[in-house]
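Single-structure report; data block below.
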Amino acid sequence: MKHKIIIAGLIISSLFNSCQQFEDDYLDTSAPSTLEPSLIFSAAELAKGAVDGIKVPFAETNSYRGRFLPYYGLNTDAEWYNASQTAGDKADLCVYDAKPGNTEMNTTTNAYAMMYAGIERANVCIKGIRQYGNPLPGTEMGQLLGEALTLRAIYYADLIKAWGDVPARFEPITTATLYLPKSSRDVIYKQLIADLGEASTLVAWPNETTFTSTVEHINKAFVKGFRARLALAASGYQQYPDGVRRSNDPELSVPAMYALALKESREVIQSGSAHLESTFEGLWRKYNQEITTAGGESLWELPFADGRGRMLFTFAVKHTSISDQFQANGANRGGVAGPLPFVFYDYDQTDLRRDVTCVPYKWGTAVAASPYPIAKQELGTIDTWYFGKYRYEWMTRRVTSDNDDGVNKMYMRYAEVLLIAAETANELEGAGAAMPYLKEIRRRSFSAADQTEKVENYVNALSSKEAMFNAIVEENKFEFTGEMERKQALIRWNLLKTKLDEAKQKMADLAARAGAYTDVPTTLYYKYKADNVSLDIYGLNRGETTNPGLAYSSVTWTWTGTAADAKIASLYKPGVNPDNRQFWPIWQVFIDGSNGQLKNDYGY
Amino acid sequence: MNFKDLFNKKTKCCLALVFLLGLFMSNQISAQNVTLEGTVKDASGLGLPGVNILEKGTKNAASSDFDGRYKIKLSNPKAVLSFSFIGFKTKEVSVDGKTKLDVSMSEDANSLNEVVVIGYGTSKKSDLTGAVSTISGNDLKKVPVANVAEALTGRIAGVQVTSSEGSPDADIRIRVRGGGSLTQDSSPLIIVDGFPINSMNDISSSDIDSMTVLKDAASTAIYGSRGANGVILITTKRGKDGKVAVNFNMFYGMKTMANQIDVLSPEDYTKWQYEYALLSQTGTKVASDPTSYTKYFGNWQDQDMYKGLKGDDWQKQIFGRRGEVQSRDLGIRGGSDKINYNFNYAHYDEKAIMIGSNYKRNNLSLALNSKISDKIDVGFTVRYSDTEIDGGGVNEQNEKSSSDSRMRTIVGYAPIPVSGLTSGDVSGDGTDVLINPFTSISDNNRQQFRKNFNMLGSFGWEIVDNLKLKVDLGLDNFSTLDYRFYGRSTYYVANAPIGTLQGKPAMIMSDGKDKRFRNANTLNYDFKKIMGENHHLTALLGQESITYTSNTLTNTIHGYPNFFGFDQAKTLTTQGTPASVDNNYSPDDKLLSFFGRANYDYKNRYILSATFRADGSSKFSEDNRWGYFPAFAAGWKISEESFLKGTSWIDLLKVRASYGEAGNNNIPVGQQIQIFQSTPTTWINGVTSVWAPSKTMPNPDLKWETTVTQNFGLDFGFFKNRLSGNFDVYKNITSDLLINFPVPGSGYDYQYRNMGETQNTGFEATINVVAIEKAKYGLNFSFNMGVNKNRINSLGVMNNFGAATGWASSQIGDDYLIEVGSSLGTMYGYKNDGRYEVADFDYVGGKYVLKTGVTPTATTLVGDGSSLKPGDMKLKDVNGDGVVDLKDKTIIGNVNPKSSGGFVINGNAYGFDLMAAFNWSIGNDVYNADKIEFSTATASGEYKNLNSTMADGKRWTNLDPASGQLVTEPTALAALNANTTMWSPYMRTAIFTDWAVEDASFLRLNTLTLGYTAPEMFTSKLGVSKLRFYLTASNVFVWTNYTGSDPEVSTRRKNPLTPGVDSSPYPRSRQMVFGMNLNF
């Protein structure tokens, strides 16, 4: 009997022992379908996948794709949300009346969160590549680190642009840093400017490497141009919790930052690695055709794949039918925002940018045909215009997704570098130094016949610094309307409310055919061209008042009554001062989820 | 060599060694010369097979054969024999020198001496100190259903079983005492023959001997982790000594749709379409005959052609087929005193009421047990199940878009065929506005195959007297093959693939392989020899390890040729373009545990038990890996006290109290460290996959969630147990809740954390009454109810957070609120206040201006988005600030019932038996999302049909039918709507108000069975021991005020925070089954 107990005891104890012996190893399990950072960031092939991962948050449903790009940048003195008068959460975002509980935005998946997701991914990449990757300039790892630094700067720049002060996270998050209060945007700007300085030493010029042969990757021209843009934003006027002012930080002073911006923009110009497209229309055709070859005007594009992104979906010339000869993107696509009604009339009649930028028609109900139903252009009303820079009809690819169009966001183009150079040179070196840059912009905007007067004589007359500055402010509008660049520019010039009020007055004048708009015709005459699809319109130009004949039908081109007054007034919400509403509030879900660390300033 | 191999090897060595030992041990049986024989019969005189007969004080034992005959050799002619058999009272008879002894055994009416399976052992029911309920296989057999879990509905106090919808593979939600976890699944642990399983579906009900539900921590703590939400123990049938017993059961039945949603008639449909078309005009408006109406329906003057027209009943077309169920099972059991076996085969085949929806299952099992010697027994069980589920149902939890919920297209589809509007094909030319229900069903087709192969080996050795070693080894293999087809009308193919492949059919195939290995070693010692007559102590010591590995291969194929359907896409995969191949290995989930238990009783009156378990889980990092779960329980059998012993009508009176802790680690693996995963993406140009950290932030500080249970219970049996039952009160507090916590704005979406505390308090009662018990007839009732109150005591750093069901995409926002002080399943929305009437407005210059004093409602919430008008829905100004806006959202419903339970009536007379099983629930609300959906015509809702709450005469109308124009003038508009009660369905967006929160209290006659057992004199001639025919009706009636199709529903279950939503459910059916039980 005894021996049995002993044997059993031995067996059992050995079983138990074996468990204890292996307990530590036993309960440590590995995750086979994952990789350690040390591996990922020591091989460029893998690290590239991690850097690509930083871009995915751009395309998340409620991120840049569906919320940030469609709403940020409206309303200005050139662009507005076409339904600004329809009270509601969408309009509130544009008419300077957004509340923290805005139902369009107040979700945990909002752009605000996705930007931080991108930042976190960038932080992890930057730390990993520095630690394991040996990122020397000229190497693929160097390019990747530069790209990660720049992508992080893009996310931060847009966070600050939309929300002002936000938490600063430049290291991967840990439990200890999960909840942070806002930091001063000055701190973030300085870090971004330093990061972009580093990145510019790491990434290649456009077309210098195969990597930079497409504008969907970060190149040196973009990094420098973007750094110049941030330098101006950092030193510009903006709303701080204590009011609208420039930064008090000496490092972000106008002399320091303008000098930096001028230096960077000049280096881009001198590099010759980017240039203006030969025609303005050609630029936008190329954009809609999704040609992303580097070395042209586009410096970097947010690289939406063809099934993701909503640029045309939101901003294109409106298409009524689910499907027509140009698109199958769904019903009523495009046309969410458009130029203000007077912008068309503010352009010089010979300015080649006018008809590219401002479109008065939409594409009507399509009629069944093979292979696709056919829609015709249809004139709308004078209060609703569309951005002609975004056109399905210029695309080479037929959009079939019913929620996305897949066209990139052109994040920065060479024209902006020229205008930055003009603005900073004017500030630091006087109007004469700015002239060549402004001339280059305008030369592309007018036909050869008009250039003597509209370019040479016009620019040469801008002899004072002030005149040059005012001309640049105007040029910015004519060049960038529809690109949502204007709002931040107005803010940094401290002209937001001034220009919005001016725009309201201009709209009232247009409605009344008063002021600068007395000679705007009140009747449009139209007929269809030989293709029976496109409109031949008479009456859009000032003074075109003679009835062109029976071949033409006519529509009235007036804008009066209480509805018109209400719409004009809705450019910004009556009773609100846009200068006190330069930023959106941080949405309530993020305030609630911040463990008491976040609050909204600016009177929200 | 990894641990498992080594471990296996060790186990094998040890097994071999033990076998050898067993061989050496010879049974010393002394020579016998007295032989006794006889027959054991039950009260009705039938022979009882398998009765254990033991000569007291010796090891001499025998068992009766198939006819109840036995033969035993005795050491002493004056010996006392003990006859015992499960379900019968043990009988002791002295031989008194007889050579033939016939014994009649009586049934144990409420089976107090029944042996109940508890964790790692068994207990006599009367000795239980914890809250434990059982249900026998015989009871289950009377409920012919596909899923065993369903058969538990309404049977056990405190166990709420709800099926989420009517599909044959519907999720069955089981909650023991409400469930403690918040964002994690609160399902109980399910153990079959000691082995944890994933789904009860893999077990055939014919194979089940008994089911035990452990409800309090005193009972579950032996399972340590995973025991916090209750444990369901299933014991499968074993072979019995004696002649071969063969059972054959079969049934065949039919099913029909129980309820459907009423929709508008063609006449009313076209009338509404006309009004919609007028209201929705943009641009240049016309006063009558807008083109969006006329292009499909003709001019308004001709609308009378739709008068009296009978529309297509799409619900009937999709769900109207007559379902069929067939089931056959065969069980063969038998054995000798050395070896016994149980073979079981079951086949279940269901053609469900929905087109293309089928369910098939085969179960095969074989259990062998062998007594190698007196001291050693070995057992081996193999179990195989094979399930095929055809059809995609009408909703899914992993949906690509809520717009793919099929009920939408079925209910909302035009009741009349209209060319261009309702074509059967999505040809991509943009002319089809509505998706044909048949297209929608076939475009969302799905086929799933689940296979489960389970092997269990056990080895028991009585090392010395009363010391038993048991070694269990088990291997469980699951394979899940899922083909999900996305046809051309789905959101997925329109948006997910790369541009060139959009609009073409796609398929996602996933092939999951999971494996679980378990080893448990226990030592049991009974101190009965040491401690004397009055003291009884048993102790258990054990160790267990479980390893779970999981691997899923997901193949995504886009861009099939346009005409491909499900079958082609499944078999001709090279015709598509592979979008991604993801062979994902999850981190192993390992658990290592040590546990012990001691049970003590004094004079069978005072019972004490103590349990302790330590669990180590690989889901937590090293410092937090181990959880320790103690439990204590005490019982006092008052009826055994001398002062009550003489009271003849009291059979049992016992009070018991318990305290215990149990844990929960029910979170995904790999949360404690940051991992980089490669995921495919179609969002970024030139990038097909990216490396990124998980969107869930790692948390190295994760630890066990712990539930502390206090339970107080009373068991009673009176009047020879004709009246018996028990009462329990309990309080469960779950702390360190494992919450999938939102961390918005941090860069991650969620982080698993331990935070907060929930509490469940409740009361349970079970009462069984044997009203009549005669040889030829009988009647008994059993009744159970549970009252549970769930409360969130704390949520850590915050006070509340919202959760969105998302059934209407992003239109509604958060519609559930998780808040300290309230309970899980609290609905959050607006209070409905009817509608705005004409009298609420001044009519100024052709416009309606709200009168001062009438509360305005934000136009972002109600109406068509322009301005408030008569006929718009009106909401209550809850916070009294004079306007109704987002701030007026409030708590408007709660899914938790005040009480739930069931009662069962069993009767038998002269061969007939009747069973009626009811279940009920009181005070629970259901969020009737379908009612909102089909009464709201949003901007994208043109041409969609409405439900009959918005029928002509009920809905607000602006249309003057005579002129075919909209009425704006106040007097005429008021007159037009003098008799209507509802608001206008023409709304900008769906809104969740308390109008859609309905009391879903119900009483259901779940099962009604009438059976007839053929008389023995007849069956014996056929060589059959029992032959029974029966007729069962399921879901016979539901008595409820709920207006949806069924009050038991929950279709947005992916997130446990949003239970009880009725959105696009698979309709329930009524079933009538005819069956037969045959025993040889």
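Chain labels A, B, ... are given in the sequence in which chains occur in the structure tokens; within each chain residues are numbered consecutively from 1, and ligands are likewise numbered from 1 in the order shown.
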
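Contact shell of A:Arg444 at 10 Å (only C-alpha atoms; same-chain neighbours under 6 positions omitted): Leu276, Glu277, Ser278, Thr279, Phe280, Asp351, Leu352, Arg353, Gln451 and Val455 of chain A.
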
Suppose we keep all heavy atoms; can you now write the selection as an mmCIF file, in the first residue's frame?
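Heads up, here's the output in part-v5.cif:
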data_model
loop_
_atom_site.group_PDB
_atom_site.id
_atom_site.type_symbol
_atom_site.label_atom_id
_atom_site.label_comp_id
_atom_site.auth_asym_id
_atom_site.auth_seq_id
_atom_site.Cartn_x
_atom_site.Cartn_y
_atom_site.Cartn_z
ATOM 1 N N LEU A 276 5.106 76.424 -62.509
ATOM 2 C CA LEU A 276 3.686 76.582 -62.815
ATOM 3 C C LEU A 276 3.345 75.774 -64.055
ATOM 4 O O LEU A 276 4.142 75.697 -64.985
ATOM 5 C CB LEU A 276 3.367 78.057 -63.076
ATOM 6 C CG LEU A 276 3.414 79.015 -61.903
ATOM 7 C CD1 LEU A 276 2.980 80.408 -62.382
ATOM 8 C CD2 LEU A 276 2.504 78.568 -60.772
ATOM 9 N N GLU A 277 2.149 75.182 -64.062
ATOM 10 C CA GLU A 277 1.671 74.577 -65.304
ATOM 11 C C GLU A 277 1.463 75.708 -66.305
ATOM 12 O O GLU A 277 1.187 76.851 -65.917
ATOM 13 C CB GLU A 277 0.344 73.841 -65.068
ATOM 14 C CG GLU A 277 0.415 72.731 -64.055
ATOM 15 C CD GLU A 277 1.304 71.567 -64.459
ATOM 16 O OE1 GLU A 277 1.497 71.374 -65.682
ATOM 17 O OE2 GLU A 277 1.833 70.871 -63.575
ATOM 18 N N SER A 278 1.535 75.391 -67.577
ATOM 19 C CA SER A 278 1.528 76.487 -68.552
ATOM 20 C C SER A 278 0.183 77.212 -68.600
ATOM 21 O O SER A 278 0.138 78.402 -68.847
ATOM 22 C CB SER A 278 1.919 75.961 -69.928
ATOM 23 O OG SER A 278 1.062 74.882 -70.257
ATOM 24 N N THR A 279 -0.896 76.511 -68.369
ATOM 25 C CA THR A 279 -2.182 77.214 -68.311
ATOM 26 C C THR A 279 -2.899 76.830 -67.027
ATOM 27 O O THR A 279 -2.683 75.749 -66.463
ATOM 28 C CB THR A 279 -3.114 76.839 -69.484
ATOM 29 O OG1 THR A 279 -3.476 75.459 -69.339
ATOM 30 C CG2 THR A 279 -2.439 77.053 -70.829
ATOM 31 N N PHE A 280 -3.768 77.761 -66.604
ATOM 32 C CA PHE A 280 -4.522 77.528 -65.371
ATOM 33 C C PHE A 280 -5.506 76.382 -65.579
ATOM 34 O O PHE A 280 -5.654 75.508 -64.726
ATOM 35 C CB PHE A 280 -5.257 78.815 -64.991
ATOM 36 C CG PHE A 280 -5.749 78.824 -63.573
ATOM 37 C CD1 PHE A 280 -4.855 78.926 -62.512
ATOM 38 C CD2 PHE A 280 -7.104 78.742 -63.283
ATOM 39 C CE1 PHE A 280 -5.305 78.953 -61.196
ATOM 40 C CE2 PHE A 280 -7.555 78.757 -61.969
ATOM 41 C CZ PHE A 280 -6.653 78.867 -60.926
ATOM 42 N N ASP A 351 -9.302 87.594 -67.359
ATOM 43 C CA ASP A 351 -8.529 86.689 -66.496
ATOM 44 C C ASP A 351 -8.916 85.241 -66.820
ATOM 45 O O ASP A 351 -10.085 84.871 -66.691
ATOM 46 C CB ASP A 351 -8.821 87.009 -65.024
ATOM 47 C CG ASP A 351 -7.843 86.324 -64.086
ATOM 48 O OD1 ASP A 351 -7.424 85.181 -64.382
ATOM 49 O OD2 ASP A 351 -7.510 86.928 -63.035
ATOM 50 N N LEU A 352 -7.928 84.465 -67.232
ATOM 51 C CA LEU A 352 -8.214 83.088 -67.666
ATOM 52 C C LEU A 352 -8.624 82.184 -66.504
ATOM 53 O O LEU A 352 -9.086 81.073 -66.703
ATOM 54 C CB LEU A 352 -6.989 82.498 -68.373
ATOM 55 C CG LEU A 352 -6.565 83.248 -69.642
ATOM 56 C CD1 LEU A 352 -5.207 82.767 -70.122
ATOM 57 C CD2 LEU A 352 -7.618 83.078 -70.733
ATOM 58 N N ARG A 353 -8.414 82.670 -65.303
ATOM 59 C CA ARG A 353 -8.775 81.854 -64.136
ATOM 60 C C ARG A 353 -10.275 81.907 -63.851
ATOM 61 O O ARG A 353 -10.803 81.049 -63.160
ATOM 62 C CB ARG A 353 -8.009 82.345 -62.897
ATOM 63 C CG ARG A 353 -6.510 82.135 -63.011
ATOM 64 C CD ARG A 353 -5.764 82.783 -61.876
ATOM 65 N NE ARG A 353 -5.875 84.245 -61.917
ATOM 66 C CZ ARG A 353 -5.116 85.053 -61.191
ATOM 67 N NH1 ARG A 353 -4.211 84.558 -60.359
ATOM 68 N NH2 ARG A 353 -5.258 86.352 -61.263
ATOM 69 N N GLN A 451 -1.037 90.574 -71.665
ATOM 70 C CA GLN A 451 -0.026 90.568 -70.605
ATOM 71 C C GLN A 451 0.634 91.928 -70.368
ATOM 72 O O GLN A 451 0.930 92.263 -69.220
ATOM 73 C CB GLN A 451 1.028 89.492 -70.903
ATOM 74 C CG GLN A 451 0.504 88.112 -70.539
ATOM 75 C CD GLN A 451 1.481 87.008 -70.842
ATOM 76 O OE1 GLN A 451 2.597 87.279 -71.279
ATOM 77 N NE2 GLN A 451 1.063 85.780 -70.631
ATOM 78 N N VAL A 455 -0.306 92.381 -66.739
ATOM 79 C CA VAL A 455 0.789 91.873 -65.918
ATOM 80 C C VAL A 455 1.813 92.966 -65.681
ATOM 81 O O VAL A 455 1.993 93.440 -64.558
ATOM 82 C CB VAL A 455 1.457 90.636 -66.578
ATOM 83 C CG1 VAL A 455 2.574 90.119 -65.691
ATOM 84 C CG2 VAL A 455 0.414 89.563 -66.836
#

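Every protein, DNA or RNA residue with an atom at most 8 Å from A:Arg121, where only C-alpha atoms count and chain neighbours fewer than 4 positions away do not, is listed here: Ala50, Val51, Gly53, Ile54, Ala117, Cys125 and Pro172 of chain A; Ala692, Pro693 and Gly747 of chain B.
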
Prev. selection, N, CA, C and O atoms, output as a short mmCIF file (atom, residue, chain, number, x, y, z; two decimals), in the first residue's frame:
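Written output follows (result_31.cif):
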data_model
loop_
_atom_site.label_atom_id
_atom_site.label_comp_id
_atom_site.auth_asym_id
_atom_site.auth_seq_id
_atom_site.Cartn_x
_atom_site.Cartn_y
_atom_site.Cartn_z
N ALA A 50 4.95 51.02 -42.56
CA ALA A 50 4.54 51.73 -41.35
C ALA A 50 4.30 53.21 -41.65
O ALA A 50 3.38 53.82 -41.13
N VAL A 51 5.16 53.80 -42.51
CA VAL A 51 4.97 55.21 -42.88
C VAL A 51 3.71 55.37 -43.73
O VAL A 51 2.96 56.34 -43.57
N GLY A 53 1.19 53.69 -43.28
CA GLY A 53 0.12 53.59 -42.29
C GLY A 53 -0.26 54.94 -41.70
O GLY A 53 -1.39 55.15 -41.27
N ILE A 54 0.69 55.90 -41.70
CA ILE A 54 0.39 57.24 -41.17
C ILE A 54 -0.68 57.92 -42.02
O ILE A 54 -1.45 58.75 -41.55
N ALA A 117 -4.67 60.10 -34.40
CA ALA A 117 -4.29 58.73 -34.76
C ALA A 117 -3.11 58.77 -35.73
O ALA A 117 -2.15 58.02 -35.60
N CYS A 125 6.56 55.80 -35.72
CA CYS A 125 7.51 55.63 -36.82
C CYS A 125 8.79 56.43 -36.58
O CYS A 125 9.90 55.94 -36.80
N PRO A 172 5.41 58.64 -28.71
CA PRO A 172 4.29 57.67 -28.62
C PRO A 172 3.63 57.74 -27.25
O PRO A 172 4.29 57.96 -26.24
N ALA B 692 0.61 49.02 -38.88
CA ALA B 692 0.16 50.03 -37.92
C ALA B 692 -0.12 49.38 -36.59
O ALA B 692 -0.45 48.20 -36.53
N PRO B 693 0.03 50.16 -35.53
CA PRO B 693 -0.37 49.62 -34.23
C PRO B 693 -1.88 49.40 -34.24
O PRO B 693 -2.59 50.06 -35.00
N GLY B 747 -5.38 59.25 -30.19
CA GLY B 747 -4.66 58.55 -31.26
C GLY B 747 -5.15 57.12 -31.38
O GLY B 747 -4.87 56.44 -32.36
#

Discussion item. Only residues of chain A matter here; which ones have an atom within 6 Å of chain B, counting only C-alpha atoms? Give them as a list in words.
Written reply: Leu27, Asp28, Thr29, Ser30, Ala31, Pro32, Ser33, Thr34, Leu35, Gly49, Ala50, Asp52, Gly53, Gly88, Thr108, Ala113, Tyr116, Ala117, Glu120, Pro303, Phe304, Ala305, Asp306, Gly307, Arg308, Ile322, Ser323, Ser401 and Phe590 of chain A

Discussion item. Report as a list of chain:residue names all protein, DNA and RNA residues lying within 7 Å of stretch 224-227 of chain A, evaluated on only C-alpha atoms, omitting residues in the same chain fewer than 4 positions from it.
Written reply: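 My list of contacting residues is A:Ile193, A:Leu196, A:Ser200, A:Lys220, A:Ala231, A:Glu264, A:Ser265, A:Val268, A:Val417.
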
Practice prompt. As JSON, numbers by chain, list the residues of stretch 703-829 of chain B assigned to strand (DSSP E or B) by DSSP on the backbone atoms of this structure.
Written response: {"B": [705, 706, 707, 708, 709, 710, 711, 712, 713, 714, 715, 716, 717, 718, 723, 724, 725, 726, 727, 728, 729, 730, 731, 732, 733, 734, 735, 738, 739, 740, 741, 742, 750, 751, 752, 753, 754, 757, 758, 759, 760, 761, 762, 763, 764, 765, 766, 767, 768, 769, 770, 771, 772, 773, 777, 778, 779, 780, 781, 782, 783, 784, 785, 786, 787, 788, 789, 790, 791, 792, 793, 794, 795, 798, 800, 801, 802, 803, 816, 817, 818, 819, 826, 827, 828, 829]}

Worksheet item: With only C-alpha atoms as the basis for distance, which of A:Val589, A:Val215, A:Leu74, A:Ala87 is at the shortest distance from A:Ala162?
Response: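 That would be A:Leu74, the residue with the smallest distance to A:Ala162.
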
Item to complete: Write out as a list in words the residues lying within 8 Å of B:Lys375, counting only C-alpha atoms and excluding same-chain residues fewer than 3 positions away.
Response: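 My list of contacting residues is Gly22, Lys371, Ile372, Gly460, Trp461, Glu462 and Ile463 of chain B.
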
If you count only C-alpha atoms, which residues fall within 12 Å of B:Ser280, apart from same-chain ones fewer than 2 positions away, as a short mmCIF file (atom, residue, chain, number, x, y, z; two decimals) with N, CA, C and O atoms, in the first residue's frame?
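Saved file selection.cif follows:
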data_model
loop_
_atom_site.label_atom_id
_atom_site.label_comp_id
_atom_site.auth_asym_id
_atom_site.auth_seq_id
_atom_site.Cartn_x
_atom_site.Cartn_y
_atom_site.Cartn_z
N TRP B 272 -49.24 58.52 -51.26
CA TRP B 272 -48.15 59.05 -50.47
C TRP B 272 -46.97 59.47 -51.35
O TRP B 272 -46.36 60.52 -51.14
N GLN B 273 -46.68 58.67 -52.37
CA GLN B 273 -45.59 59.02 -53.28
C GLN B 273 -45.85 60.36 -53.95
O GLN B 273 -44.95 61.15 -54.18
N TYR B 274 -47.13 60.60 -54.25
CA TYR B 274 -47.49 61.86 -54.89
C TYR B 274 -47.22 63.02 -53.94
O TYR B 274 -46.63 64.03 -54.30
N GLU B 275 -47.64 62.83 -52.71
CA GLU B 275 -47.43 63.90 -51.73
C GLU B 275 -45.93 64.12 -51.51
O GLU B 275 -45.45 65.24 -51.44
N TYR B 276 -45.20 63.02 -51.42
CA TYR B 276 -43.74 63.12 -51.22
C TYR B 276 -43.12 63.91 -52.37
O TYR B 276 -42.29 64.80 -52.16
N ALA B 277 -43.55 63.55 -53.60
CA ALA B 277 -42.96 64.20 -54.77
C ALA B 277 -43.24 65.70 -54.75
O ALA B 277 -42.36 66.50 -55.08
N LEU B 278 -44.44 66.07 -54.31
CA LEU B 278 -44.76 67.50 -54.24
C LEU B 278 -43.90 68.18 -53.17
O LEU B 278 -43.39 69.27 -53.38
N THR B 282 -37.33 70.48 -55.66
CA THR B 282 -36.31 71.52 -55.53
C THR B 282 -36.29 72.27 -56.84
O THR B 282 -36.84 71.81 -57.83
N GLY B 283 -35.63 73.38 -56.84
CA GLY B 283 -35.53 74.16 -58.08
C GLY B 283 -36.89 74.72 -58.46
O GLY B 283 -37.66 75.16 -57.60
N THR B 284 -37.22 74.66 -59.72
CA THR B 284 -38.49 75.18 -60.19
C THR B 284 -39.61 74.24 -59.76
O THR B 284 -39.62 73.07 -60.12
N LYS B 285 -40.53 74.77 -58.95
CA LYS B 285 -41.57 73.90 -58.40
C LYS B 285 -42.82 73.95 -59.24
O LYS B 285 -43.14 74.99 -59.83
N VAL B 286 -43.52 72.84 -59.29
CA VAL B 286 -44.82 72.83 -59.96
C VAL B 286 -45.89 72.54 -58.93
O VAL B 286 -45.62 71.90 -57.91
N ALA B 287 -47.11 73.01 -59.18
CA ALA B 287 -48.17 72.88 -58.19
C ALA B 287 -48.76 71.47 -58.18
O ALA B 287 -49.30 71.02 -57.18
N PRO B 290 -45.64 66.59 -60.22
CA PRO B 290 -44.18 66.73 -60.33
C PRO B 290 -43.59 65.51 -61.06
O PRO B 290 -44.11 64.40 -60.95
N THR B 291 -42.51 65.74 -61.77
CA THR B 291 -41.99 64.68 -62.63
C THR B 291 -41.50 63.46 -61.84
O THR B 291 -41.59 62.34 -62.34
N SER B 292 -41.00 63.68 -60.63
CA SER B 292 -40.49 62.51 -59.92
C SER B 292 -41.61 61.53 -59.62
O SER B 292 -41.38 60.35 -59.37
N TYR B 293 -42.85 62.03 -59.61
CA TYR B 293 -44.00 61.13 -59.46
C TYR B 293 -44.46 60.61 -60.82
O TYR B 293 -44.59 59.42 -61.06
N ASP B 864 -38.81 68.78 -42.18
CA ASP B 864 -38.03 68.49 -43.38
C ASP B 864 -36.75 69.30 -43.45
O ASP B 864 -36.06 69.31 -44.46
N GLY B 865 -36.41 70.01 -42.37
CA GLY B 865 -35.12 70.69 -42.33
C GLY B 865 -35.21 72.16 -42.67
O GLY B 865 -34.29 72.91 -42.40
N SER B 866 -36.34 72.59 -43.26
CA SER B 866 -36.42 74.03 -43.58
C SER B 866 -36.88 74.80 -42.36
O SER B 866 -36.06 75.30 -41.60
N ALA B 937 -39.93 59.11 -43.92
CA ALA B 937 -39.53 59.20 -45.32
C ALA B 937 -38.50 60.32 -45.43
O ALA B 937 -38.83 61.48 -45.51
N THR B 938 -37.24 59.94 -45.37
CA THR B 938 -36.17 60.94 -45.39
C THR B 938 -35.86 61.33 -46.83
O THR B 938 -36.50 60.86 -47.77
N ALA B 939 -34.84 62.14 -46.96
CA ALA B 939 -34.47 62.64 -48.29
C ALA B 939 -34.20 61.49 -49.25
O ALA B 939 -34.49 61.58 -50.44
N SER B 940 -33.64 60.41 -48.74
CA SER B 940 -33.37 59.29 -49.64
C SER B 940 -34.51 58.28 -49.62
O SER B 940 -34.38 57.17 -50.10
N GLY B 941 -35.63 58.69 -49.02
CA GLY B 941 -36.73 57.73 -48.83
C GLY B 941 -37.80 57.80 -49.89
O GLY B 941 -38.87 57.21 -49.74
N GLU B 942 -37.54 58.51 -50.99
CA GLU B 942 -38.56 58.58 -52.02
C GLU B 942 -38.77 57.19 -52.61
O GLU B 942 -37.83 56.42 -52.76
N TYR B 943 -39.99 56.90 -52.93
CA TYR B 943 -40.45 55.64 -53.53
C TYR B 943 -40.49 54.48 -52.55
O TYR B 943 -40.85 53.37 -52.90
N LEU B 966 -50.87 70.84 -53.02
CA LEU B 966 -50.60 70.98 -51.59
C LEU B 966 -51.46 72.09 -51.02
O LEU B 966 -51.68 73.12 -51.66
N TYR B 986 -42.82 62.88 -43.79
CA TYR B 986 -41.78 63.57 -44.59
C TYR B 986 -40.85 64.30 -43.65
O TYR B 986 -41.15 65.38 -43.14
N MET B 987 -39.71 63.67 -43.37
CA MET B 987 -38.78 64.21 -42.37
C MET B 987 -37.38 64.18 -42.91
O MET B 987 -37.04 63.36 -43.74
N ARG B 988 -36.59 65.10 -42.41
CA ARG B 988 -35.20 65.19 -42.84
C ARG B 988 -34.40 63.97 -42.39
O ARG B 988 -33.56 63.45 -43.11
#
